[in-house]
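Engineer: So I've got this file, run.json, and it contains JSON, C-alpha atoms:
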```json
[["chain", "number", "residue", "atom", "x", "y", "z"],
["A", 191, "MET", "CA", 63.59, 71.53, 109.68],
["A", 192, "THR", "CA", 64.46, 74.30, 107.29],
["A", 193, "VAL", "CA", 68.13, 74.92, 106.72],
["A", 194, "VAL", "CA", 68.95, 78.58, 106.37],
["A", 195, "ASP", "CA", 72.12, 79.45, 104.50],
["A", 196, "ILE", "CA", 73.90, 82.23, 106.34],
["A", 197, "PRO", "CA", 75.80, 84.44, 103.91],
["A", 198, "PRO", "CA", 79.44, 85.02, 104.69],
["A", 199, "PRO", "CA", 80.24, 88.30, 106.46],
["A", 200, "LEU", "CA", 81.02, 91.25, 104.29],
["A", 201, "PRO", "CA", 84.73, 91.95, 103.96],
["A", 202, "VAL", "CA", 86.04, 94.76, 106.11],
["A", 203, "ARG", "CA", 88.59, 96.99, 104.49],
["A", 204, "ASP", "CA", 91.81, 97.41, 106.43],
["A", 205, "ARG", "CA", 92.23, 101.18, 106.48],
["A", 206, "THR", "CA", 95.84, 100.83, 107.54],
["A", 207, "ALA", "CA", 96.77, 98.94, 104.38],
["A", 208, "PRO", "CA", 99.34, 100.69, 102.20],
["A", 209, "HIS", "CA", 96.91, 100.77, 99.25],
["A", 210, "ASP", "CA", 94.44, 102.87, 101.21],
["A", 211, "VAL", "CA", 97.13, 105.26, 102.31],
["A", 212, "ALA", "CA", 98.76, 105.67, 98.91],
["A", 213, "ALA", "CA", 95.79, 105.66, 96.54],
["A", 214, "GLY", "CA", 92.57, 107.60, 96.80],
["A", 215, "ALA", "CA", 93.39, 109.01, 100.22],
["A", 216, "LEU", "CA", 93.35, 112.59, 98.96],
["A", 217, "SER", "CA", 90.72, 112.72, 96.21],
["A", 218, "PRO", "CA", 88.51, 109.73, 95.40],
["A", 219, "MET", "CA", 87.14, 111.76, 92.48],
["A", 220, "LEU", "CA", 90.62, 112.11, 91.01],
["A", 221, "ILE", "CA", 91.24, 108.36, 91.32],
["A", 222, "ARG", "CA", 87.93, 107.66, 89.57],
["A", 223, "LEU", "CA", 88.82, 110.06, 86.76],
["A", 224, "ALA", "CA", 92.18, 108.33, 86.36],
["A", 225, "GLU", "CA", 90.48, 104.94, 86.15],
["A", 226, "GLU", "CA", 88.08, 106.33, 83.52],
["A", 227, "ARG", "CA", 91.02, 107.79, 81.57],
["A", 228, "ALA", "CA", 89.13, 111.07, 81.63],
["A", 229, "THR", "CA", 90.27, 114.22, 79.86],
["A", 230, "GLY", "CA", 89.44, 117.66, 81.21],
["A", 231, "VAL", "CA", 90.03, 119.98, 84.15],
["A", 232, "LEU", "CA", 89.48, 119.17, 87.84],
["A", 233, "ILE", "CA", 88.80, 122.38, 89.75],
["A", 234, "ARG", "CA", 89.38, 122.31, 93.50],
["A", 235, "GLU", "CA", 89.39, 125.00, 96.17],
["A", 236, "HIS", "CA", 93.16, 125.51, 96.24],
["A", 237, "GLY", "CA", 94.13, 124.66, 92.68],
["A", 238, "THR", "CA", 93.37, 123.05, 89.34],
["A", 239, "LEU", "CA", 94.55, 119.81, 87.77],
["A", 240, "HIS", "CA", 94.48, 119.28, 84.00],
["A", 241, "LEU", "CA", 94.02, 115.67, 82.93],
["A", 242, "ALA", "CA", 94.61, 113.95, 79.59],
["A", 243, "GLU", "CA", 93.62, 110.30, 79.32],
["A", 244, "GLY", "CA", 93.52, 110.09, 83.12],
["A", 245, "ARG", "CA", 97.01, 111.49, 83.68],
["A", 246, "VAL", "CA", 98.01, 114.91, 85.03],
["A", 247, "VAL", "CA", 99.54, 117.15, 82.37],
["A", 248, "HIS", "CA", 99.43, 120.45, 84.26],
["A", 249, "ALA", "CA", 98.67, 121.81, 87.73],
["A", 250, "GLU", "CA", 98.25, 125.36, 88.91],
["A", 251, "SER", "CA", 97.48, 126.98, 92.23],
["A", 252, "PRO", "CA", 97.35, 130.57, 93.47],
["A", 253, "LEU", "CA", 99.43, 129.33, 96.41],
["A", 254, "ALA", "CA", 102.39, 128.18, 94.31],
["A", 255, "PRO", "CA", 104.67, 130.24, 92.04],
["A", 256, "GLY", "CA", 104.21, 129.35, 88.41],
["A", 257, "LEU", "CA", 106.82, 128.17, 85.95],
["A", 258, "ASP", "CA", 107.31, 131.74, 84.75],
["A", 259, "VAL", "CA", 108.38, 132.87, 88.23],
["A", 260, "LEU", "CA", 110.65, 129.88, 88.79],
["A", 261, "LEU", "CA", 112.45, 130.33, 85.46],
["A", 262, "THR", "CA", 112.88, 134.11, 85.48],
["A", 263, "ALA", "CA", 113.52, 134.86, 89.16],
["A", 264, "HIS", "CA", 117.18, 133.81, 89.16],
["A", 265, "GLY", "CA", 118.11, 134.53, 85.57],
["A", 266, "THR", "CA", 117.61, 131.02, 84.21],
["A", 267, "LEU", "CA", 115.57, 132.73, 81.54],
["A", 268, "ASP", "CA", 115.53, 136.44, 80.75],
["A", 269, "ALA", "CA", 112.14, 137.85, 81.67],
["A", 270, "ALA", "CA", 112.16, 139.84, 78.44],
["A", 271, "VAL", "CA", 112.08, 136.68, 76.31],
["A", 272, "TRP", "CA", 109.50, 134.75, 78.34],
["A", 273, "PRO", "CA", 106.42, 134.31, 76.12],
["A", 274, "TRP", "CA", 104.18, 136.17, 78.52],
["A", 275, "THR", "CA", 100.73, 134.65, 78.59],
["A", 276, "GLU", "CA", 98.39, 133.37, 81.26],
["A", 277, "ASP", "CA", 98.47, 130.01, 79.51],
["A", 278, "ILE", "CA", 101.63, 128.57, 81.07],
["A", 279, "PRO", "CA", 101.48, 125.28, 79.12],
["A", 280, "ALA", "CA", 101.30, 127.21, 75.84],
["A", 281, "ALA", "CA", 104.25, 129.33, 76.93],
["A", 282, "THR", "CA", 106.18, 126.15, 77.78],
["A", 283, "HIS", "CA", 105.61, 124.81, 74.28],
["A", 284, "ARG", "CA", 106.85, 128.08, 72.78],
["A", 285, "LEU", "CA", 110.01, 127.82, 74.87],
["A", 286, "LEU", "CA", 110.62, 124.35, 73.49],
["A", 287, "ASP", "CA", 109.89, 125.39, 69.90],
["A", 288, "ALA", "CA", 112.20, 128.40, 70.16],
["A", 289, "GLY", "CA", 115.00, 126.39, 71.78],
["A", 290, "LEU", "CA", 115.49, 129.02, 74.49],
["A", 291, "LEU", "CA", 116.26, 126.34, 77.08],
["A", 292, "PRO", "CA", 117.30, 122.69, 76.80],
["A", 293, "ARG", "CA", 114.30, 120.39, 76.77],
["A", 294, "GLY", "CA", 115.54, 118.54, 79.85],
["A", 295, "ALA", "CA", 115.79, 121.77, 81.85],
["A", 296, "VAL", "CA", 112.26, 122.83, 80.84],
["A", 297, "GLU", "CA", 110.89, 119.40, 81.66],
["A", 298, "LEU", "CA", 112.59, 119.33, 85.08],
["A", 299, "CYS", "CA", 111.30, 122.80, 86.01],
["A", 300, "ARG", "CA", 107.86, 122.02, 84.69],
["A", 301, "LEU", "CA", 107.63, 118.81, 86.75],
["A", 302, "GLY", "CA", 108.76, 120.70, 89.84],
["A", 303, "ALA", "CA", 106.07, 123.32, 89.30],
["A", 304, "LEU", "CA", 103.45, 120.61, 88.66],
["A", 305, "TYR", "CA", 104.18, 118.76, 91.91],
["A", 306, "ASP", "CA", 104.36, 122.07, 93.79],
["A", 307, "ALA", "CA", 100.94, 123.24, 92.59],
["A", 308, "GLY", "CA", 99.51, 119.73, 92.87],
["A", 309, "TYR", "CA", 100.42, 119.62, 96.56],
["A", 310, "PHE", "CA", 98.15, 122.61, 97.21],
["A", 311, "ALA", "CA", 95.46, 121.55, 94.76],
["A", 312, "LEU", "CA", 95.07, 118.31, 96.73],
["A", 313, "ALA", "CA", 94.95, 120.05, 100.12],
["A", 314, "PRO", "CA", 91.79, 119.52, 102.20],
["A", 315, "SER", "CA", 89.00, 121.80, 101.05],
["A", 316, "SER", "CA", 85.69, 123.06, 102.37],
["A", 317, "ALA", "CA", 83.95, 122.66, 99.00],
["A", 318, "PRO", "CA", 83.63, 119.68, 96.65],
["A", 319, "GLY", "CA", 85.68, 119.64, 93.48],
["A", 320, "ARG", "CA", 84.11, 119.75, 90.04],
["A", 321, "PHE", "CA", 85.32, 118.30, 86.76],
["A", 322, "ARG", "CA", 84.88, 119.86, 83.34],
["A", 323, "TYR", "CA", 85.24, 117.36, 80.53],
["A", 324, "GLY", "CA", 87.02, 118.45, 77.39],
["A", 325, "THR", "CA", 90.44, 118.78, 75.83],
["A", 326, "PRO", "CA", 92.75, 120.63, 78.25],
["A", 327, "ALA", "CA", 94.89, 123.37, 76.79],
["A", 328, "ALA", "CA", 97.72, 121.89, 78.83],
["A", 329, "ALA", "CA", 97.99, 118.72, 76.76],
["A", 330, "GLY", "CA", 101.24, 118.73, 74.84],
["A", 331, "PRO", "CA", 104.58, 117.07, 74.14],
["A", 332, "LEU", "CA", 105.89, 116.93, 77.71],
["A", 333, "PRO", "CA", 105.26, 113.68, 79.62],
["A", 334, "ALA", "CA", 102.22, 113.43, 81.88],
["A", 335, "VAL", "CA", 102.26, 112.35, 85.54],
["A", 336, "PRO", "CA", 100.18, 109.40, 86.79],
["A", 337, "VAL", "CA", 97.57, 110.38, 89.35],
["A", 338, "ALA", "CA", 98.90, 107.77, 91.79],
["A", 339, "ALA", "CA", 102.38, 109.32, 91.58],
["A", 340, "LEU", "CA", 101.01, 112.80, 92.35],
["A", 341, "GLU", "CA", 99.04, 111.49, 95.34],
["A", 342, "ARG", "CA", 102.04, 109.57, 96.70],
["A", 343, "GLU", "CA", 104.29, 112.61, 96.40],
["A", 344, "THR", "CA", 101.70, 114.85, 98.05],
["A", 345, "LEU", "CA", 101.35, 112.44, 100.99],
["A", 346, "ARG", "CA", 105.13, 112.16, 101.27],
["A", 347, "ARG", "CA", 105.40, 115.94, 101.46],
["A", 348, "ARG", "CA", 102.73, 116.17, 104.14],
["A", 349, "GLU", "CA", 104.52, 113.56, 106.22],
["A", 350, "LEU", "CA", 107.85, 115.36, 105.79],
["A", 351, "LEU", "CA", 106.41, 118.66, 107.02],
["A", 352, "TYR", "CA", 104.84, 116.91, 109.99],
["A", 353, "ARG", "CA", 108.15, 115.30, 110.95],
["A", 354, "LEU", "CA", 109.96, 118.63, 110.73],
["A", 355, "TRP", "CA", 107.42, 120.55, 112.83],
["A", 356, "PRO", "CA", 103.88, 119.22, 113.34],
["A", 357, "ASP", "CA", 102.14, 122.58, 113.79],
["A", 358, "PRO", "CA", 100.83, 123.76, 110.37],
["A", 359, "SER", "CA", 99.92, 127.28, 111.52],
["A", 360, "THR", "CA", 103.18, 128.65, 110.09],
["A", 361, "ASP", "CA", 102.16, 127.63, 106.56],
["A", 362, "GLY", "CA", 99.52, 130.26, 105.93],
["A", 363, "ALA", "CA", 99.88, 132.98, 108.59],
["A", 364, "PRO", "CA", 102.05, 136.11, 108.57],
["A", 365, "LEU", "CA", 105.32, 135.28, 110.29],
["A", 366, "ILE", "CA", 107.28, 137.05, 113.01],
["A", 367, "ARG", "CA", 110.90, 136.68, 114.08],
["A", 368, "ALA", "CA", 111.85, 135.15, 117.39],
["A", 369, "ASP", "CA", 115.11, 135.56, 119.26],
["A", 370, "PRO", "CA", 115.98, 132.42, 121.21],
["A", 371, "VAL", "CA", 118.67, 132.68, 123.84],
["A", 372, "ALA", "CA", 120.97, 130.34, 121.94],
["A", 373, "ALA", "CA", 120.09, 130.76, 118.27],
["A", 374, "PRO", "CA", 121.13, 127.73, 116.23],
["A", 375, "PRO", "CA", 123.07, 128.28, 112.99],
["A", 376, "VAL", "CA", 121.08, 128.54, 109.78],
["A", 377, "THR", "CA", 121.98, 127.78, 106.19],
["A", 378, "PRO", "CA", 122.26, 130.58, 103.60],
["A", 379, "ARG", "CA", 119.01, 129.35, 102.09],
["A", 380, "GLN", "CA", 117.23, 129.57, 105.44],
["A", 381, "ARG", "CA", 118.82, 132.98, 106.10],
["A", 382, "ALA", "CA", 117.27, 134.33, 102.90],
["A", 383, "VAL", "CA", 113.87, 133.18, 104.16],
["A", 384, "LEU", "CA", 114.43, 134.52, 107.67],
["A", 385, "ASN", "CA", 115.51, 137.93, 106.34],
["A", 386, "ARG", "CA", 112.06, 138.35, 104.78],
["A", 387, "VAL", "CA", 110.10, 137.52, 107.92],
["A", 388, "ASP", "CA", 108.60, 140.87, 108.95],
["A", 389, "GLY", "CA", 105.22, 140.17, 110.57],
["A", 390, "VAL", "CA", 103.44, 140.75, 107.25],
["A", 391, "ARG", "CA", 104.72, 138.25, 104.73],
["A", 392, "THR", "CA", 103.47, 134.67, 104.73],
["A", 393, "ALA", "CA", 105.53, 131.64, 103.75],
["A", 394, "LEU", "CA", 103.95, 131.61, 100.30],
["A", 395, "GLU", "CA", 104.63, 135.31, 99.74],
["A", 396, "ILE", "CA", 108.24, 134.72, 100.70],
["A", 397, "ALA", "CA", 108.43, 131.83, 98.23],
["A", 398, "ARG", "CA", 107.11, 134.01, 95.41],
["A", 399, "GLU", "CA", 109.48, 136.85, 96.29],
["A", 400, "LEU", "CA", 112.45, 134.49, 96.33],
["A", 401, "GLY", "CA", 111.34, 132.71, 93.17],
["A", 402, "ARG", "CA", 111.37, 129.33, 94.90],
["A", 403, "PRO", "CA", 108.86, 126.47, 94.95],
["A", 404, "ALA", "CA", 106.32, 127.03, 97.69],
["A", 405, "PHE", "CA", 106.73, 123.59, 99.25],
["A", 406, "HIS", "CA", 110.50, 123.98, 99.54],
["A", 407, "THR", "CA", 109.93, 127.26, 101.34],
["A", 408, "LEU", "CA", 107.47, 125.57, 103.71],
["A", 409, "VAL", "CA", 110.22, 123.08, 104.56],
["A", 410, "ASP", "CA", 112.55, 125.95, 105.50],
["A", 411, "ILE", "CA", 109.78, 127.64, 107.48],
["A", 412, "ARG", "CA", 109.00, 124.50, 109.47],
["A", 413, "ARG", "CA", 112.69, 123.95, 110.27],
["A", 414, "LEU", "CA", 113.05, 127.56, 111.41],
["A", 415, "ALA", "CA", 109.91, 127.22, 113.53],
["A", 416, "ALA", "CA", 111.27, 124.04, 115.13],
["A", 417, "ALA", "CA", 114.49, 125.92, 115.92],
["A", 418, "GLY", "CA", 112.50, 128.68, 117.62],
["A", 419, "LEU", "CA", 113.56, 131.35, 115.10],
["A", 420, "LEU", "CA", 110.10, 132.29, 113.87],
["A", 421, "ALA", "CA", 106.43, 131.83, 114.71],
["A", 422, "PRO", "CA", 103.03, 132.69, 113.25],
["A", 423, "ARG", "CA", 101.77, 136.12, 114.16],
["A", 424, "SER", "CA", 99.30, 135.58, 116.98],
["A", 425, "THR", "CA", 96.87, 138.28, 115.86],
["A", 426, "THR", "CA", 96.09, 136.64, 112.55],
["A", 427, "THR", "CA", 92.98, 134.59, 111.92],
["A", 428, "ALA", "CA", 94.23, 133.05, 108.68],
["A", 429, "PRO", "CA", 93.57, 129.29, 108.64],
["A", 430, "PRO", "CA", 96.44, 126.87, 108.03],
["A", 431, "LEU", "CA", 96.74, 125.26, 104.61],
["A", 432, "LEU", "CA", 96.28, 121.88, 106.24],
["A", 433, "PRO", "CA", 94.00, 121.14, 109.20],
["A", 434, "PRO", "CA", 95.64, 121.39, 112.64],
["A", 435, "VAL", "CA", 97.03, 118.14, 113.95],
["A", 436, "THR", "CA", 95.21, 117.05, 117.10],
["A", 437, "ASP", "CA", 98.27, 115.51, 118.58],
["A", 438, "PRO", "CA", 100.00, 116.11, 121.93],
["A", 439, "ASP", "CA", 103.33, 116.12, 120.07],
["A", 440, "ILE", "CA", 102.83, 119.77, 119.14],
["A", 441, "ALA", "CA", 102.48, 120.99, 122.71],
["A", 442, "LEU", "CA", 105.31, 118.73, 123.85],
["A", 443, "LEU", "CA", 107.69, 120.00, 121.17],
["A", 444, "LYS", "CA", 106.89, 123.59, 122.03],
["A", 445, "ARG", "CA", 107.52, 122.97, 125.73],
["A", 446, "LEU", "CA", 110.84, 121.27, 124.97],
["A", 447, "ARG", "CA", 111.87, 124.11, 122.72],
["A", 448, "ASP", "CA", 110.99, 126.72, 125.34],
["A", 449, "ALA", "CA", 112.90, 124.76, 127.99],
["A", 450, "LEU", "CA", 116.00, 124.62, 125.80],
["A", 451, "GLU", "CA", 115.81, 128.36, 125.16],
["A", 452, "ALA", "CA", 115.69, 129.02, 128.91],
["A", 453, "LEU", "CA", 118.91, 127.11, 129.58]]
```
Hey, can you dump this file as structure tokens for me?
Structural biologist:
Amino acid sequence: MTVVDIPPPLPVRDRTAPHDVAAGALSPMLIRLAEERATGVLIREHGTLHLAEGRVVHAESPLAPGLDVLLTAHGTLDAAVWPWTEDIPAATHRLLDAGLLPRGAVELCRLGALYDAGYFALAPSSAPGRFRYGTPAAAGPLPAVPVAALERETLRRRELLYRLWPDPSTDGAPLIRADPVAAPPVTPRQRAVLNRVDGVRTALEIARELGRPAFHTLVDIRRLAAAGLLAPRSTTTAPPLLPPVTDPDIALLKRLRDALEAL
């Protein structure tokens, strides 16, 4: 009788494990580039990530205000002395060399802008990303961000927005005001956002006009939507920045909100 050795079954990956959720969940290509310690530029549909030795040194997205907007909008830096150039990293280095702002302040603002743009750069896309090897112009004296840290923060931000209001349609559509029967109080920060809701502006246009990070403005928008104070304009066909959540929670929350307004 011939004895046949049966190979052990192949391991099955537990897709609910924290490692799978925290690493590689957004861009397997980006994780591979980090493992390779690659240097260059990753171009995605909604933004660009600059890598040096596998770490993120700069991020930019047309959906997020740049460092120039964030620093000059509220007088932190006089617009007249900003080293105007499309190369934001180069301008950042000039700010440091000229001593126009403390290094800690520049670094804090730059990290905020990086995470803001990175959130959109890592959004789901309809086209594959592409990587261009080479020395990124963004490489410089400011510390780089590990890819895993950027992915974790992006996932944390997605989860936060979902908890606040799970319908993402308010993120990319023109917004309209709503007048609930019993309007809840709003903070001064939320009032500034609400005052710019006119049926034309989107959340990201409001963020740029206010000189605020785009994600922070999305947080205010979701809270205002949950309170019944604004809604996406129904005539628009603009897609949300993130895919719609196929979850009954959305319909349930809307029904509860409408019921509260009718009381």
Engineer: From the list A:Arg423, A:His264, A:Arg413, A:Arg300, which residue is nearest Glu399 in chain A when using all atoms listed in the file?
Structural biologist: A:His264
Engineer: Would you pick out the contacts of Leu312 in chain A at 12 Å or less, using all atoms listed in the file, so that residues sharing its chain but fewer than 4 positions from it are not included, and give the list as an mmCIF file with C-alpha atoms, in the frame of the given file?
Structural biologist:
```cif
data_model
loop_
_atom_site.group_PDB
_atom_site.id
_atom_site.type_symbol
_atom_site.label_atom_id
_atom_site.label_comp_id
_atom_site.auth_asym_id
_atom_site.auth_seq_id
_atom_site.Cartn_x
_atom_site.Cartn_y
_atom_site.Cartn_z
ATOM 1 C CA GLY A 214 92.570 107.600 96.800
ATOM 2 C CA ALA A 215 93.390 109.010 100.220
ATOM 3 C CA LEU A 216 93.350 112.590 98.960
ATOM 4 C CA SER A 217 90.720 112.720 96.210
ATOM 5 C CA PRO A 218 88.510 109.730 95.400
ATOM 6 C CA MET A 219 87.140 111.760 92.480
ATOM 7 C CA LEU A 220 90.620 112.110 91.010
ATOM 8 C CA ILE A 221 91.240 108.360 91.320
ATOM 9 C CA LEU A 232 89.480 119.170 87.840
ATOM 10 C CA ILE A 233 88.800 122.380 89.750
ATOM 11 C CA ARG A 234 89.380 122.310 93.500
ATOM 12 C CA GLU A 235 89.390 125.000 96.170
ATOM 13 C CA HIS A 236 93.160 125.510 96.240
ATOM 14 C CA GLY A 237 94.130 124.660 92.680
ATOM 15 C CA THR A 238 93.370 123.050 89.340
ATOM 16 C CA LEU A 239 94.550 119.810 87.770
ATOM 17 C CA ALA A 249 98.670 121.810 87.730
ATOM 18 C CA GLU A 250 98.250 125.360 88.910
ATOM 19 C CA SER A 251 97.480 126.980 92.230
ATOM 20 C CA LEU A 253 99.430 129.330 96.410
ATOM 21 C CA LEU A 304 103.450 120.610 88.660
ATOM 22 C CA TYR A 305 104.180 118.760 91.910
ATOM 23 C CA ASP A 306 104.360 122.070 93.790
ATOM 24 C CA ALA A 307 100.940 123.240 92.590
ATOM 25 C CA GLY A 308 99.510 119.730 92.870
ATOM 26 C CA SER A 316 85.690 123.060 102.370
ATOM 27 C CA PRO A 318 83.630 119.680 96.650
ATOM 28 C CA GLY A 319 85.680 119.640 93.480
ATOM 29 C CA VAL A 337 97.570 110.380 89.350
ATOM 30 C CA LEU A 340 101.010 112.800 92.350
ATOM 31 C CA GLU A 341 99.040 111.490 95.340
ATOM 32 C CA ARG A 342 102.040 109.570 96.700
ATOM 33 C CA GLU A 343 104.290 112.610 96.400
ATOM 34 C CA THR A 344 101.700 114.850 98.050
ATOM 35 C CA LEU A 345 101.350 112.440 100.990
ATOM 36 C CA ARG A 347 105.400 115.940 101.460
ATOM 37 C CA ARG A 348 102.730 116.170 104.140
ATOM 38 C CA LEU A 431 96.740 125.260 104.610
ATOM 39 C CA LEU A 432 96.280 121.880 106.240
#
```
Engineer: Grab the CA of Ala313 in chain A to CA of Gly294 in chain A distance for me, in Å with one decimal place.
Structural biologist: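 Between CA of Ala313 in chain A and CA of Gly294 in chain A the gap is 28.9 Å.
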Engineer: Nearest to Phe321 in chain A: which of A:Pro252, A:Gly418, A:Gly230, A:Pro403 is it, counting all atoms listed in the file?
Structural biologist: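 Going through A:Pro252, A:Gly418, A:Gly230, A:Pro403 one by one, the smallest distance to Phe321 in chain A is for A:Gly230.
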Engineer: Suppose you want the space between CA of Arg386 in chain A and CA of Pro255 in chain A; what is it in Å?
Structural biologist: 16.8 Å
Engineer: Would you mind telling me which residue in A:His248, A:Arg412, A:Arg367, A:Arg293 lies nearest to Asn385 in chain A when using all atoms listed in the file?
Structural biologist: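 Closest to Asn385 in chain A of all the choices is A:Arg367.
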Engineer: Hey, which of A:Leu301, A:Ala372, A:Leu267, A:Leu394 ends up closest to Thr407 in chain A? Count all atoms listed in the file.
Structural biologist: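 Among A:Leu301, A:Ala372, A:Leu267, A:Leu394, it is A:Leu394 that comes nearest to Thr407 in chain A.
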Engineer: Given the choices A:Val296, A:Ala224, A:Ala281, A:Val259, which gets closest to Leu241 in chain A if the distance is worked out from all atoms listed in the file?
Structural biologist: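 For Leu241 in chain A, the nearest of the given residues is A:Ala224.
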Engineer: With a distance cut-off of 10 Å and all atoms listed in the file, select the neighbouring residues of Glu297 in chain A, excluding the residue or stretch itself and same-chain residues fewer than 4 positions from it, and output the selection as a list in words.
Structural biologist: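 Everything that qualifies: Thr282, Leu286, Leu291, Pro292, Arg293, Leu301, Gly302, Ala303, Leu332 and Pro333 of chain A.
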Engineer: Restricting the calculation to all atoms listed in the file, which member of A:Asp361, A:Leu414, A:Cys299, A:Asp258 is positioned closest to Ala280 in chain A?
Structural biologist: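 Between A:Asp361, A:Leu414, A:Cys299, A:Asp258, the residue approaching Ala280 in chain A most closely is A:Asp258.
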Engineer: To one decimal place in Å, what is the distance between CA of Tyr309 in chain A and CA of Val271 in chain A?
Structural biologist: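 For CA of Tyr309 in chain A relative to CA of Val271 in chain A, the distance reads 28.9 Å.
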Engineer: In the coordinates of the file, take the point (105.9, 139.7, 109.6) and a cut-off of 9 Å; then, counting only C-alpha atoms, name each qualifying protein, DNA or RNA residue as a count of residues only.
Structural biologist: 13
